[in-house]
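What follows is one structure encoded as structure tokens, with my remarks underneath.
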Amino acid sequence: MNKIKSSLPIFIFLFILVIGCSQKSTPDDLPRIGIAGIAIESSTFSPAVSEIDAFKVSRGEEVFNLYPFFSPDSANRKRAVWLPALYARALPGGAVTRETYESLVTEMLDSLRKNAPYDGLFFDIHGAMSVVGLDDPEGDLIMRIREVIGTETVISTSMDLHGSVSPRLAKHTDLITCYRLAPHEDAMESKKRTVDNLLERLEKGLGKPAYKAWVAVPILLPGEKTSTRIDPAKSLYAKVAPAADQEGVTDAGIWIGYAWADEPRNQAYVMVTGDDGELVKKTAGDLAKSFWDVRHKFDFIAPTASLEESLDKAVSSDKRPYIISDMGDNPTAGGAGDVTWTLNEILMRPEFKSEDGPSLIYASIPGPEFIEKAVTAGVGGMVEGYAGAKVDARFSPPVFLSGKVTSIVHGDQHAVSEVVVKVGSVSVIVTKKRKPYHLESDFTRLGLDPRQTDVVVVKIGYLVPELYDMRGDWIMALTPGGVDQDLERMEFKRINRPMFPFDREMPDPDLSPKLIPLSHEN
């Protein structure tokens, strides 16, 4: 009897252990969720095209490395059987060639087909991809994915707020979200929200939200006028999180749209999803009206001027570094990145012709042949040759550079090879492939000290956080290129009209939300 009593605690422990283990989720109990997407922002006003070598393609398990919330020990990783297919991302650039698009899509669909069926799909896109000869590529892509995974699978779509939500994309997605900050400091937070929304719907057996309210807002503005650092965008986007947190609403988003693609879908959008139909519609309508009501208040986030005026201000300023955004050829918005107009103008300025002139860093200009000459000359050697204007020579011919090589660095994931050549008081960064310069380390690894430089010129629009924090002062130069900020002088032929700001006196549009059919409905 005593032996039996002494064994009871052990039996109880083993019983609890067995019950506990039986209640843990097993792979058979967990939802099966795929991961796929293609992300690029493409200017149709640039002569550049984006081919397969422009994309970093991640396949299978490699995809997890792109998302911190999918680390091996993360909670999200354990909540589903994740089946990554293919994710391709590129720097913004020109329109994607049809061959490149079809190659990526074919491989993605083949991979998705192998691991079917799916309960859900995390669909990660930018929303502003242009493909030669194909309108609304993301709408085309999600339709072709549906043909493989079926209409019952719940698709949760993550987007950049500079993307466009076409009716076709809205129809075939079930959940949708986008960034709420520009610059996009919340990018990974937004992607995680996309995944969390999907997991919650699947785990609770809720399935697709019952309602999707969509509003096309006839506004087309560049990101440099709609940054959430300042009003009105700051106050406008502050309304999104409270709208999404309402009981009966799953998520809400405002898409600014992409300004440098001449396609019918390109404009602003509002979309709200949830299970309370009246609240979903009202929320979408309120957000759309809030956007329309402040349309006249949008302006550039920083002072703007011609390049000549910008350089005058920079040279006379006692603040360093004085950063000038060379906006027209901004590769982070889709510019070719090799327009030489600004650099040619700088090198013609008399104050920069001698070594003891104001120090200026120019970042950057592609020139693979110039790189070869610089490498041959070596650090400290003299080099001369041409760079830039191989892709976009509409505004200025290749720039002639003659000076001393001060740095040679290889191995950057974008630039591949970089050299710095000192021409007078100007340190010109020449790259083998185009590269945006965002970080202080982008300069210091080349032996440059931007904080102690009088003027830093970067091919960018609004300053990303690290450049913004580094600035002594800054200005945005209205320069030419494939992402010219003066939209009203560009030849739009296919966007919907009337459209603000092209038609400033247009009557108030109908901003009544439209309920989009669910993905399995006709």
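By order in the structure tokens, chains are A, B, ...; within a chain, residues start at 1; ligands start at 1, following the order shown.
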
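Proximity to range 322-327 of chain A at 6 Å, evaluated using only C-alpha atoms and with sequence-adjacent residues fewer than 5 positions away removed, yields Ala314, Val455, Val456, Val457, Val458, Lys459, Ile460, Gly461, Gly472, Asp473, Trp474, Ile475, Met476, Ala477 and Thr479 of chain A.
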
* Residue neighbourhood Pro465 in chain A, 12 Å, only C-alpha atoms, exclusion window fewer than 2 positions, as number ranges by chain -> A: 181-186, 229, 438-440, 462-463, 467-471

Dump of N, CA and C atoms for the selected residues, as an mmCIF file, in the first residue's frame:
```
data_model
loop_
_atom_site.group_PDB
_atom_site.id
_atom_site.type_symbol
_atom_site.label_atom_id
_atom_site.label_comp_id
_atom_site.auth_asym_id
_atom_site.auth_seq_id
_atom_site.Cartn_x
_atom_site.Cartn_y
_atom_site.Cartn_z
ATOM 1 N N LEU A 181 4.526 54.994 -42.412
ATOM 2 C CA LEU A 181 5.538 56.026 -42.258
ATOM 3 C C LEU A 181 6.328 56.192 -43.550
ATOM 4 N N ALA A 182 6.693 57.414 -43.860
ATOM 5 C CA ALA A 182 7.585 57.716 -44.984
ATOM 6 C C ALA A 182 8.539 58.819 -44.531
ATOM 7 N N PRO A 183 9.840 58.540 -44.400
ATOM 8 C CA PRO A 183 10.554 57.310 -44.730
ATOM 9 C C PRO A 183 9.994 56.075 -44.001
ATOM 10 N N HIS A 184 10.294 54.915 -44.550
ATOM 11 C CA HIS A 184 9.628 53.683 -44.145
ATOM 12 C C HIS A 184 10.311 53.019 -42.949
ATOM 13 N N GLU A 185 10.331 53.708 -41.833
ATOM 14 C CA GLU A 185 10.947 53.162 -40.628
ATOM 15 C C GLU A 185 10.112 52.034 -40.028
ATOM 16 N N ASP A 186 8.878 51.905 -40.472
ATOM 17 C CA ASP A 186 7.992 50.859 -39.945
ATOM 18 C C ASP A 186 7.829 49.699 -40.931
ATOM 19 N N ARG A 229 6.809 62.843 -41.925
ATOM 20 C CA ARG A 229 7.543 63.625 -40.921
ATOM 21 C C ARG A 229 6.818 64.933 -40.602
ATOM 22 N N HIS A 438 23.039 55.854 -48.346
ATOM 23 C CA HIS A 438 22.101 56.155 -47.277
ATOM 24 C C HIS A 438 22.754 56.294 -45.917
ATOM 25 N N LEU A 439 23.844 55.595 -45.714
ATOM 26 C CA LEU A 439 24.416 55.437 -44.384
ATOM 27 C C LEU A 439 25.744 56.158 -44.265
ATOM 28 N N GLU A 440 26.079 56.571 -43.058
ATOM 29 C CA GLU A 440 27.380 57.185 -42.836
ATOM 30 C C GLU A 440 28.500 56.220 -43.202
ATOM 31 N N TYR A 462 13.646 62.762 -50.321
ATOM 32 C CA TYR A 462 13.731 63.127 -48.910
ATOM 33 C C TYR A 462 14.825 62.291 -48.259
ATOM 34 N N LEU A 463 15.471 62.861 -47.252
ATOM 35 C CA LEU A 463 16.598 62.184 -46.624
ATOM 36 C C LEU A 463 16.111 61.027 -45.757
ATOM 37 N N LEU A 467 20.883 59.934 -42.908
ATOM 38 C CA LEU A 467 21.325 61.173 -43.554
ATOM 39 C C LEU A 467 20.643 62.387 -42.914
ATOM 40 N N TYR A 468 19.382 62.227 -42.585
ATOM 41 C CA TYR A 468 18.639 63.322 -41.969
ATOM 42 C C TYR A 468 19.262 63.714 -40.627
ATOM 43 N N ASP A 469 19.649 62.711 -39.843
ATOM 44 C CA ASP A 469 20.261 62.978 -38.543
ATOM 45 C C ASP A 469 21.664 63.567 -38.689
ATOM 46 N N MET A 470 22.330 63.296 -39.796
ATOM 47 C CA MET A 470 23.695 63.762 -40.025
ATOM 48 C C MET A 470 23.747 65.208 -40.504
ATOM 49 N N ARG A 471 22.684 65.664 -41.125
ATOM 50 C CA ARG A 471 22.721 66.933 -41.833
ATOM 51 C C ARG A 471 23.012 68.100 -40.887
#
```

* Please give the complete set of residues from range 284-400 of chain A that DSSP, run on the backbone, assigns to helix (DSSP H, G or I), formatted as number ranges by chain. => A: 284-293, 295-297, 307-316, 327-329, 341-348, 350-352, 368-377

May I have the residues within 8 Å of Leu287 in chain A as a compact mmCIF listing (two decimals) with N, CA and C atoms, in the first residue's frame, using only C-alpha atoms and disregarding those fewer than 3 positions away in the same chain?
```
# COMPACT_ATOMS: atom_id res chain seq x y z
N LYS A 239 -4.21 58.93 -38.26
CA LYS A 239 -5.57 58.42 -38.16
C LYS A 239 -5.68 56.94 -38.51
N VAL A 240 -4.63 56.39 -39.14
CA VAL A 240 -4.74 55.03 -39.67
C VAL A 240 -4.76 53.98 -38.56
N ILE A 254 -3.76 53.69 -46.10
CA ILE A 254 -3.81 54.77 -47.10
C ILE A 254 -2.58 54.61 -47.98
N VAL A 270 -7.52 54.13 -50.60
CA VAL A 270 -7.81 53.76 -49.23
C VAL A 270 -8.47 52.39 -49.27
N THR A 283 -15.32 53.75 -42.19
CA THR A 283 -13.90 54.05 -41.94
C THR A 283 -13.18 54.37 -43.23
N ALA A 284 -13.44 53.59 -44.27
CA ALA A 284 -12.80 53.85 -45.56
C ALA A 284 -13.21 55.22 -46.10
N SER A 290 -10.67 62.54 -45.50
CA SER A 290 -9.59 63.24 -44.80
C SER A 290 -8.42 63.52 -45.73
N PHE A 291 -8.14 62.57 -46.59
CA PHE A 291 -7.06 62.71 -47.56
C PHE A 291 -7.40 63.83 -48.56
```

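Proximity ranking of A:Ile256, A:Met382, A:Val81, A:Ile361 relative to Thr444 in chain A places A:Ile361 first, based on only C-alpha atoms.
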
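For Gly37 in chain A, the non-local neighbours within 7 Å, defined as residues at least 4 positions apart in the same chain or in other chains and counting only C-alpha atoms, are Leu86, Tyr87, Ala88, Phe123, Asp124 and Ile125 of chain A.
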
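The shortest atom-to-atom distance to Ser156 in chain A, with only C-alpha atoms taken into account, belongs to A:Gly34 out of A:Gly257, A:Pro321, A:Gly34, A:Pro72.
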
task = Find the spatial neighbours of Ile33 in chain A, counting only C-alpha atoms, within a cut-off of 12 Å - ignore same-chain residues fewer than 4 positions away - and output them as a PyMOL selection string.
result = chain A and resi 27+76-85+112+115-123+149+153-156+195+198-199+202-203

Can those selected residues be exported to a file as a PDB file, in the first residue's frame so that it contains C-alpha atoms?
```pdb
ATOM      1  CA  PRO A  27       2.724  20.053 -37.767  1.00  0.00           C
ATOM      2  CA  ASN A  76       5.672  33.344 -35.453  1.00  0.00           C
ATOM      3  CA  ARG A  77       7.955  30.680 -36.874  1.00  0.00           C
ATOM      4  CA  LYS A  78       6.359  28.128 -34.545  1.00  0.00           C
ATOM      5  CA  ARG A  79       2.761  29.090 -35.260  1.00  0.00           C
ATOM      6  CA  ALA A  80       2.565  27.615 -38.756  1.00  0.00           C
ATOM      7  CA  VAL A  81       4.147  25.294 -41.238  1.00  0.00           C
ATOM      8  CA  TRP A  82       5.830  27.913 -43.405  1.00  0.00           C
ATOM      9  CA  LEU A  83       6.408  27.084 -47.055  1.00  0.00           C
ATOM     10  CA  PRO A  84       8.520  29.829 -48.670  1.00  0.00           C
ATOM     11  CA  ALA A  85       8.438  29.774 -52.459  1.00  0.00           C
ATOM     12  CA  LEU A 112       4.008  27.107 -54.934  1.00  0.00           C
ATOM     13  CA  ASN A 115       3.933  22.540 -51.744  1.00  0.00           C
ATOM     14  CA  ALA A 116       0.171  22.935 -52.178  1.00  0.00           C
ATOM     15  CA  PRO A 117      -2.311  22.945 -50.519  1.00  0.00           C
ATOM     16  CA  TYR A 118      -2.194  26.113 -48.414  1.00  0.00           C
ATOM     17  CA  ASP A 119      -4.350  27.592 -45.714  1.00  0.00           C
ATOM     18  CA  GLY A 120      -2.763  31.003 -46.198  1.00  0.00           C
ATOM     19  CA  LEU A 121      -0.236  32.972 -48.202  1.00  0.00           C
ATOM     20  CA  PHE A 122       1.955  35.872 -47.068  1.00  0.00           C
ATOM     21  CA  PHE A 123       2.164  37.913 -50.285  1.00  0.00           C
ATOM     22  CA  ILE A 149      -3.432  27.868 -54.808  1.00  0.00           C
ATOM     23  CA  THR A 153      -6.580  30.119 -49.423  1.00  0.00           C
ATOM     24  CA  VAL A 154      -6.429  33.330 -47.373  1.00  0.00           C
ATOM     25  CA  ILE A 155      -3.961  35.777 -48.945  1.00  0.00           C
ATOM     26  CA  SER A 156      -2.511  38.513 -46.738  1.00  0.00           C
ATOM     27  CA  VAL A 195       1.618  38.033 -40.968  1.00  0.00           C
ATOM     28  CA  LEU A 198      -3.179  36.222 -41.216  1.00  0.00           C
ATOM     29  CA  LEU A 199      -2.219  33.971 -38.302  1.00  0.00           C
ATOM     30  CA  LEU A 202      -6.484  31.231 -39.339  1.00  0.00           C
ATOM     31  CA  GLU A 203      -5.908  30.244 -35.709  1.00  0.00           C
TER      32      GLU A 203
END
```

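The nearest approach to Ser190 in chain A among the residues A:Asp53, A:Asp251, A:Asp135, A:Asp449, with only C-alpha atoms taken into account, belongs to A:Asp251.
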
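Nearest residue to Ala233 in chain A, choosing from A:Lys297, A:Arg451, A:Arg497, A:Arg489 and counting only C-alpha atoms: A:Lys297.
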
Q: Find the residues near Val57 in chain A: any atom within 12 Å, counting only C-alpha atoms, skip ones fewer than 2 places away on the same chain, and give them as an NGL selection string.
A: :A and (36-39 or 52-55 or 59-63 or 66 or 85-90 or 100 or 103-105 or 107-108)

- Polymer residues at most 10 Å from His126 in chain A, only C-alpha atoms, same-chain spacing of 5 or more positions, as a PyMOL selection string: chain A and resi 37-41+89+138+157-164+178

Requested write-out: C-alpha atoms of the selected residues, as a PDB file, in the first residue's frame:
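Printed below is result.pdb as written:
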```pdb
ATOM      1  CA  GLY A  37       6.362  38.083 -53.752  1.00  0.00           C
ATOM      2  CA  ILE A  38       8.156  40.394 -56.172  1.00  0.00           C
ATOM      3  CA  ALA A  39       9.037  43.915 -55.089  1.00  0.00           C
ATOM      4  CA  ILE A  40      10.322  46.784 -57.198  1.00  0.00           C
ATOM      5  CA  GLU A  41       9.355  50.414 -57.839  1.00  0.00           C
ATOM      6  CA  ARG A  89      13.453  42.289 -54.613  1.00  0.00           C
ATOM      7  CA  GLU A 138       0.827  42.849 -59.189  1.00  0.00           C
ATOM      8  CA  THR A 157      -0.746  41.205 -48.759  1.00  0.00           C
ATOM      9  CA  SER A 158       1.992  43.533 -47.504  1.00  0.00           C
ATOM     10  CA  MET A 159       2.688  46.719 -49.495  1.00  0.00           C
ATOM     11  CA  ASP A 160       4.682  49.908 -49.568  1.00  0.00           C
ATOM     12  CA  LEU A 161       2.446  52.951 -49.193  1.00  0.00           C
ATOM     13  CA  HIS A 162       3.824  54.147 -52.545  1.00  0.00           C
ATOM     14  CA  GLY A 163       2.156  51.223 -54.282  1.00  0.00           C
ATOM     15  CA  SER A 164      -1.243  51.112 -55.992  1.00  0.00           C
ATOM     16  CA  CYS A 178       0.796  48.967 -45.983  1.00  0.00           C
TER      17      CYS A 178
END
```

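Note that CA of Val148 in chain A and CA of Lys114 in chain A are 9.9 Å apart.
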
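Here the question is which of A:Asp275, A:Glu189, A:Glu418, A:Asp231 gets nearest to Leu175 in chain A using only C-alpha atoms, and that residue is A:Asp275.
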
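CA of Asp262 in chain A sits 14.3 Å away from CA of Val96 in chain A.
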
Per residue of range 346-378 of chain A within 12 Å of range 410-414 of chain A, note the shortest atom pair and the distance in Å to one decimal, counting only C-alpha atoms, and order the rows by chain and increasing residue number, as JSON lines.
```
{"residue": "A:Pro366", "atom": "CA", "partner": "A:His414", "partner_atom": "CA", "distance": 11.1}
{"residue": "A:Ile371", "atom": "CA", "partner": "A:His410", "partner_atom": "CA", "distance": 10.5}
{"residue": "A:Glu372", "atom": "CA", "partner": "A:His410", "partner_atom": "CA", "distance": 11.8}
{"residue": "A:Val375", "atom": "CA", "partner": "A:His410", "partner_atom": "CA", "distance": 10.3}
```
